[in-house]
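One structure below.
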Amino acid sequence: MSILINKETRLLVQGITGKEGAFHTRAMLDYGTNVVAGVVPGRGGQSAIEDRVPVFNTVKEAVQATGANTSVIYVPAAFAPDAIRESAAAGIPLIVCITEGVPALDMVATYAFVEECGVRLVGPNCPGLLSPGQAKVGIIPGNIAVPGPVGVVSKSGTLTYEAVDALTRLGIGQTTIIGIGGDPIIGTNFIDVLTMFQEDPETEAIVLLGEIGGDAEIQAANFIKAHVTKPVVSFIAGQTAPEGKRMGHAGAIISGGEGTAQEKIKALEAVGVSVARQPTDIAQLIKEAMDARAVS
């Protein structure tokens, strides 16, 4: 069973006529995702992607006309907070914001608004989600994934793809792959996703991909110790990063000795998580963990 998205997902694309929006909407449609609407102010009544998707002026209109239950956002950073708020106000249960470069200060108020509306935000600055064989929401390549028993949650984009490809090559499929994003303020964190994977009966093991900066992985380790009974394998990116060096993501910076890879690896290993030293080791560690669980 997948988490968050599946064959019942009815997807709305905000920014569908932009270069990125159009490109990735076509890929999501080709994967089999049920894209029911696009939203571009001023273009209501038109259609997009070779007339495959109707376009509406507002999210509210699109929801009323199509029953969309998920939104994915491909709009510039300056407009992304308003796009998130519009979907939240329209009551869309799951909002996925791909946009990078959204100011953290803007996200403080936006996150509070999303919480107030009682809906879930994934991102911003994330690759989205993929439930193999069911639905693709975002930019994760569909061709590297196959259905199976491993849930994948990651702060990174390309590292996610590398890990999933390695799992697939070893014959290990995935239930859902979710990129939560690496910004300091995001809508869905490791603990949220670990909770969903723990409760999903078809997820037998979990891959957690973290990176330097912040304490999200340490919080995840504490949660795993208390609540997760399934095998967890992790990798922490940035193990050779010098202190104070910003590493791509706004959240990936070591400050005052906190947030180092070594600190996170120690915390994860202390609660029984197998931590790979190289990304290429993740798939083999998952296989070993699943084999050991099957024997016991």
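Just remember, in the structure tokens the first chain shown is A, the second B, etc., residues are 1-based per chain, and ligands are 1-based in the order shown.
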From a DSSP pass on the backbone, collect the residues of range 135-213 of chain A flagged as helix (DSSP H, G or I) and hand them back as number ranges by chain. A: 142-144, 158-169, 190-199
If we count only C-alpha atoms, what is near range 159-175 of chain A at a cut-off of 10 Å, once residues fewer than 6 positions away on the same chain are taken out, given as number ranges by chain? A: 1-3, 127, 130-134, 140-153, 197, 200, 202-210, 235, 237, 279-284, 286-287
Those selected residues, please, written with C-alpha atoms and delivered as a PDB file, in the first residue's frame.
ATOM      1  CA  MET A   1       0.000   0.000   0.000  1.00  0.00           C
ATOM      2  CA  SER A   2       1.281   3.470  -0.834  1.00  0.00           C
ATOM      3  CA  ILE A   3       1.149   6.533   1.391  1.00  0.00           C
ATOM      4  CA  PRO A 127      11.183  16.484  -5.692  1.00  0.00           C
ATOM      5  CA  LEU A 130       6.160   8.656  -6.356  1.00  0.00           C
ATOM      6  CA  SER A 131       4.118   5.553  -5.587  1.00  0.00           C
ATOM      7  CA  PRO A 132       5.439   3.088  -8.178  1.00  0.00           C
ATOM      8  CA  GLY A 133       2.791   1.860 -10.576  1.00  0.00           C
ATOM      9  CA  GLN A 134       0.179   4.176  -9.086  1.00  0.00           C
ATOM     10  CA  ILE A 140      11.027  11.934  -9.374  1.00  0.00           C
ATOM     11  CA  PRO A 141      11.842   9.820 -12.469  1.00  0.00           C
ATOM     12  CA  GLY A 142       9.257   7.066 -12.832  1.00  0.00           C
ATOM     13  CA  ASN A 143      11.510   4.699 -14.767  1.00  0.00           C
ATOM     14  CA  ILE A 144      13.845   3.999 -11.831  1.00  0.00           C
ATOM     15  CA  ALA A 145      11.141   2.730  -9.466  1.00  0.00           C
ATOM     16  CA  VAL A 146       9.150  -0.496  -9.168  1.00  0.00           C
ATOM     17  CA  PRO A 147       6.444  -1.545  -6.695  1.00  0.00           C
ATOM     18  CA  GLY A 148       7.726  -3.289  -3.589  1.00  0.00           C
ATOM     19  CA  PRO A 149       8.077  -3.263   0.210  1.00  0.00           C
ATOM     20  CA  VAL A 150      10.507  -0.398   0.969  1.00  0.00           C
ATOM     21  CA  GLY A 151       9.482   3.148   1.873  1.00  0.00           C
ATOM     22  CA  VAL A 152      11.965   5.905   1.038  1.00  0.00           C
ATOM     23  CA  VAL A 153      12.039   9.346   2.677  1.00  0.00           C
ATOM     24  CA  PHE A 197       5.461   4.065   6.878  1.00  0.00           C
ATOM     25  CA  ASP A 200       1.485   1.025   6.386  1.00  0.00           C
ATOM     26  CA  GLU A 202       2.937  -3.224   3.079  1.00  0.00           C
ATOM     27  CA  THR A 203       6.018  -1.205   3.987  1.00  0.00           C
ATOM     28  CA  GLU A 204       8.459  -3.718   5.461  1.00  0.00           C
ATOM     29  CA  ALA A 205      11.575  -1.539   5.688  1.00  0.00           C
ATOM     30  CA  ILE A 206      12.477   2.145   5.454  1.00  0.00           C
ATOM     31  CA  VAL A 207      15.289   4.141   3.864  1.00  0.00           C
ATOM     32  CA  LEU A 208      15.958   7.540   5.475  1.00  0.00           C
ATOM     33  CA  LEU A 209      18.259   9.881   3.546  1.00  0.00           C
ATOM     34  CA  GLY A 210      19.486  12.875   5.501  1.00  0.00           C
ATOM     35  CA  PHE A 235      22.676   7.645   4.724  1.00  0.00           C
ATOM     36  CA  ALA A 237      25.104  13.353   2.966  1.00  0.00           C
ATOM     37  CA  PRO A 279      25.180   5.783  -1.138  1.00  0.00           C
ATOM     38  CA  THR A 280      25.989   2.627  -3.083  1.00  0.00           C
ATOM     39  CA  ASP A 281      25.772   0.606   0.159  1.00  0.00           C
ATOM     40  CA  ILE A 282      22.130   1.502   0.923  1.00  0.00           C
ATOM     41  CA  ALA A 283      20.466  -1.197  -1.166  1.00  0.00           C
ATOM     42  CA  GLN A 284      22.661  -3.995   0.179  1.00  0.00           C
ATOM     43  CA  ILE A 286      18.294  -2.907   3.175  1.00  0.00           C
ATOM     44  CA  LYS A 287      18.500  -6.390   1.682  1.00  0.00           C
TER      45      LYS A 287
END
Residues near Glu269 in chain A, cut-off 12 Å, only C-alpha atoms, skip fewer than 4 positions along chain, as an MDAnalysis selection string: chainID A and resid 217:218 220:222 224:225 232:236 262:265 273:277
Restricting it to all heavy atoms, dump the selection as a short mmCIF file (atom, residue, chain, number, x, y, z; two decimals), in the first residue's frame.
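So part.cif came out as:
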data_model
loop_
_atom_site.label_atom_id
_atom_site.label_comp_id
_atom_site.auth_asym_id
_atom_site.auth_seq_id
_atom_site.Cartn_x
_atom_site.Cartn_y
_atom_site.Cartn_z
N GLU A 217 17.40 14.71 11.73
CA GLU A 217 17.77 13.30 11.76
C GLU A 217 17.90 12.79 13.20
O GLU A 217 17.60 11.62 13.48
CB GLU A 217 19.08 13.08 10.99
CG GLU A 217 18.98 13.32 9.50
CD GLU A 217 19.05 14.80 9.12
OE1 GLU A 217 19.18 15.67 10.02
OE2 GLU A 217 18.99 15.08 7.92
N ILE A 218 18.34 13.64 14.11
CA ILE A 218 18.45 13.25 15.51
C ILE A 218 17.06 13.08 16.12
O ILE A 218 16.79 12.14 16.87
CB ILE A 218 19.30 14.26 16.29
CG1 ILE A 218 20.75 14.19 15.79
CG2 ILE A 218 19.25 13.99 17.79
CD1 ILE A 218 21.67 15.24 16.35
N ALA A 220 14.51 12.25 14.38
CA ALA A 220 14.03 11.01 13.75
C ALA A 220 14.56 9.79 14.49
O ALA A 220 13.84 8.81 14.70
CB ALA A 220 14.43 10.98 12.28
N ALA A 221 15.83 9.84 14.90
CA ALA A 221 16.42 8.72 15.63
C ALA A 221 15.67 8.48 16.94
O ALA A 221 15.37 7.32 17.30
CB ALA A 221 17.90 9.01 15.90
N ASN A 222 15.36 9.54 17.65
CA ASN A 222 14.61 9.40 18.90
C ASN A 222 13.22 8.80 18.65
O ASN A 222 12.74 7.97 19.44
CB ASN A 222 14.47 10.76 19.59
CG ASN A 222 15.80 11.30 20.07
OD1 ASN A 222 16.73 10.55 20.36
ND2 ASN A 222 15.92 12.63 20.13
N ILE A 224 12.38 6.86 16.08
CA ILE A 224 12.57 5.47 15.67
C ILE A 224 12.72 4.57 16.90
O ILE A 224 12.13 3.49 16.99
CB ILE A 224 13.80 5.34 14.75
CG1 ILE A 224 13.49 5.95 13.37
CG2 ILE A 224 14.23 3.88 14.58
CD1 ILE A 224 14.70 6.18 12.49
N LYS A 225 13.50 5.03 17.85
CA LYS A 225 13.71 4.24 19.08
C LYS A 225 12.39 3.97 19.80
O LYS A 225 12.15 2.86 20.29
CB LYS A 225 14.67 4.99 20.01
CG LYS A 225 14.94 4.24 21.31
CD LYS A 225 15.91 5.02 22.19
CE LYS A 225 16.19 4.25 23.49
NZ LYS A 225 17.14 5.00 24.36
N VAL A 232 15.32 0.11 9.58
CA VAL A 232 15.59 1.40 8.96
C VAL A 232 17.06 1.45 8.55
O VAL A 232 17.95 1.13 9.34
CB VAL A 232 15.28 2.57 9.91
CG1 VAL A 232 15.56 3.92 9.21
CG2 VAL A 232 13.84 2.52 10.39
N VAL A 233 17.30 1.86 7.31
CA VAL A 233 18.66 2.09 6.81
C VAL A 233 18.78 3.55 6.44
O VAL A 233 17.85 4.14 5.88
CB VAL A 233 18.96 1.19 5.59
CG1 VAL A 233 20.25 1.64 4.89
CG2 VAL A 233 19.07 -0.26 6.01
N SER A 234 19.90 4.17 6.77
CA SER A 234 20.07 5.60 6.53
C SER A 234 21.38 5.89 5.82
O SER A 234 22.31 5.08 5.81
CB SER A 234 20.01 6.36 7.86
OG SER A 234 20.10 7.76 7.65
N PHE A 235 21.42 7.07 5.23
CA PHE A 235 22.68 7.65 4.72
C PHE A 235 22.62 9.14 5.00
O PHE A 235 21.58 9.78 4.79
CB PHE A 235 22.85 7.40 3.22
CG PHE A 235 24.05 8.10 2.64
CD1 PHE A 235 25.33 7.59 2.86
CD2 PHE A 235 23.92 9.28 1.92
CE1 PHE A 235 26.45 8.25 2.36
CE2 PHE A 235 25.02 9.95 1.41
CZ PHE A 235 26.29 9.43 1.63
N ILE A 236 23.72 9.71 5.47
CA ILE A 236 23.79 11.14 5.76
C ILE A 236 24.77 11.78 4.77
O ILE A 236 25.96 11.47 4.77
CB ILE A 236 24.25 11.42 7.20
CG1 ILE A 236 23.34 10.70 8.21
CG2 ILE A 236 24.27 12.92 7.46
CD1 ILE A 236 21.89 11.12 8.16
N GLN A 262 28.64 13.29 11.54
CA GLN A 262 29.08 12.34 12.55
C GLN A 262 28.11 12.29 13.73
O GLN A 262 27.81 11.22 14.27
CB GLN A 262 30.49 12.73 13.04
CG GLN A 262 31.60 12.50 12.02
CD GLN A 262 31.53 13.45 10.84
OE1 GLN A 262 31.08 14.59 10.99
NE2 GLN A 262 31.98 13.00 9.66
N GLU A 263 27.60 13.45 14.12
CA GLU A 263 26.64 13.52 15.21
C GLU A 263 25.36 12.76 14.86
O GLU A 263 24.82 12.02 15.68
CB GLU A 263 26.32 15.00 15.48
CG GLU A 263 25.33 15.25 16.60
CD GLU A 263 24.97 16.72 16.72
OE1 GLU A 263 25.11 17.47 15.73
OE2 GLU A 263 24.55 17.12 17.82
N LYS A 264 24.92 12.91 13.63
CA LYS A 264 23.68 12.26 13.20
C LYS A 264 23.88 10.75 13.05
O LYS A 264 23.00 9.96 13.42
CB LYS A 264 23.21 12.89 11.90
CG LYS A 264 22.85 14.36 12.07
CD LYS A 264 22.34 14.98 10.79
CE LYS A 264 22.02 16.45 11.06
NZ LYS A 264 21.21 17.06 10.01
N ILE A 265 25.00 10.36 12.47
CA ILE A 265 25.29 8.94 12.31
C ILE A 265 25.33 8.25 13.68
O ILE A 265 24.77 7.16 13.87
CB ILE A 265 26.63 8.74 11.56
CG1 ILE A 265 26.48 9.16 10.09
CG2 ILE A 265 27.10 7.28 11.65
CD1 ILE A 265 27.80 9.26 9.34
N VAL A 273 19.74 1.79 13.81
CA VAL A 273 19.65 2.07 12.37
C VAL A 273 20.99 1.74 11.72
O VAL A 273 22.05 2.14 12.21
CB VAL A 273 19.29 3.54 12.12
CG1 VAL A 273 19.33 3.87 10.63
CG2 VAL A 273 17.91 3.86 12.69
N SER A 274 20.94 1.01 10.60
CA SER A 274 22.15 0.75 9.84
C SER A 274 22.44 1.96 8.97
O SER A 274 21.60 2.37 8.17
CB SER A 274 21.97 -0.49 8.95
OG SER A 274 21.72 -1.64 9.72
N VAL A 275 23.62 2.56 9.12
CA VAL A 275 23.97 3.77 8.38
C VAL A 275 25.03 3.45 7.34
O VAL A 275 26.13 2.99 7.68
CB VAL A 275 24.47 4.88 9.33
CG1 VAL A 275 24.81 6.13 8.53
CG2 VAL A 275 23.43 5.19 10.39
N ALA A 276 24.71 3.70 6.09
CA ALA A 276 25.64 3.46 4.99
C ALA A 276 26.71 4.55 4.98
O ALA A 276 26.41 5.72 5.22
CB ALA A 276 24.89 3.44 3.66
N ARG A 277 27.94 4.16 4.67
CA ARG A 277 29.00 5.15 4.54
C ARG A 277 29.08 5.69 3.12
O ARG A 277 29.60 6.77 2.88
CB ARG A 277 30.35 4.53 4.96
CG ARG A 277 30.47 4.22 6.45
CD ARG A 277 30.06 5.43 7.29
NE ARG A 277 30.35 5.30 8.72
CZ ARG A 277 29.51 4.83 9.62
NH1 ARG A 277 28.31 4.39 9.24
NH2 ARG A 277 29.82 4.79 10.89
#
Would you mind listing what lies within 8 Å of range 10-13 of chain A as a ChimeraX atom specification, with only C-alpha atoms counted and same-chain residues fewer than 3 positions away left out? /A:16,21,25,33-39,62,67-74,137
Selection export as an mmCIF file, in the first residue's frame, atoms kept: C-alpha atoms:
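Okay, this is what ended up in again.cif:
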data_model
loop_
_atom_site.group_PDB
_atom_site.id
_atom_site.type_symbol
_atom_site.label_atom_id
_atom_site.label_comp_id
_atom_site.auth_asym_id
_atom_site.auth_seq_id
_atom_site.Cartn_x
_atom_site.Cartn_y
_atom_site.Cartn_z
ATOM 1 C CA ILE A 16 0.836 24.147 -15.714
ATOM 2 C CA GLY A 21 5.052 22.916 -15.186
ATOM 3 C CA THR A 25 2.887 17.548 -16.163
ATOM 4 C CA THR A 33 -1.192 9.964 -12.930
ATOM 5 C CA ASN A 34 -4.750 11.293 -13.088
ATOM 6 C CA VAL A 35 -4.059 14.980 -13.769
ATOM 7 C CA VAL A 36 -7.527 16.549 -13.734
ATOM 8 C CA ALA A 37 -6.806 20.293 -13.840
ATOM 9 C CA GLY A 38 -4.315 23.098 -14.223
ATOM 10 C CA VAL A 39 -4.498 26.539 -12.629
ATOM 11 C CA ALA A 62 -10.742 23.751 -10.345
ATOM 12 C CA GLY A 67 -12.813 17.123 -7.484
ATOM 13 C CA ALA A 68 -9.024 17.538 -7.341
ATOM 14 C CA ASN A 69 -7.612 16.223 -4.056
ATOM 15 C CA THR A 70 -3.893 16.918 -4.559
ATOM 16 C CA SER A 71 -2.034 19.973 -5.848
ATOM 17 C CA VAL A 72 1.506 20.276 -7.166
ATOM 18 C CA ILE A 73 3.110 23.716 -7.480
ATOM 19 C CA TYR A 74 5.506 24.773 -10.254
ATOM 20 C CA VAL A 137 3.464 13.891 -8.199
#
What does the distance between CA of Asn125 in chain A and CA of Ile185 in chain A come to in Å, to one decimal place?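 Separation of CA of Asn125 in chain A and CA of Ile185 in chain A: 10.1 Å.
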For the strand (DSSP E or B) assignment from backbone DSSP, which residues of range 85-275 of chain A qualify? Please present them as a PyMOL selection string. chain A and resi 94-97+120-122+128-131+135-138+147-154+174-179+205-211+232-237+255+258+274-275
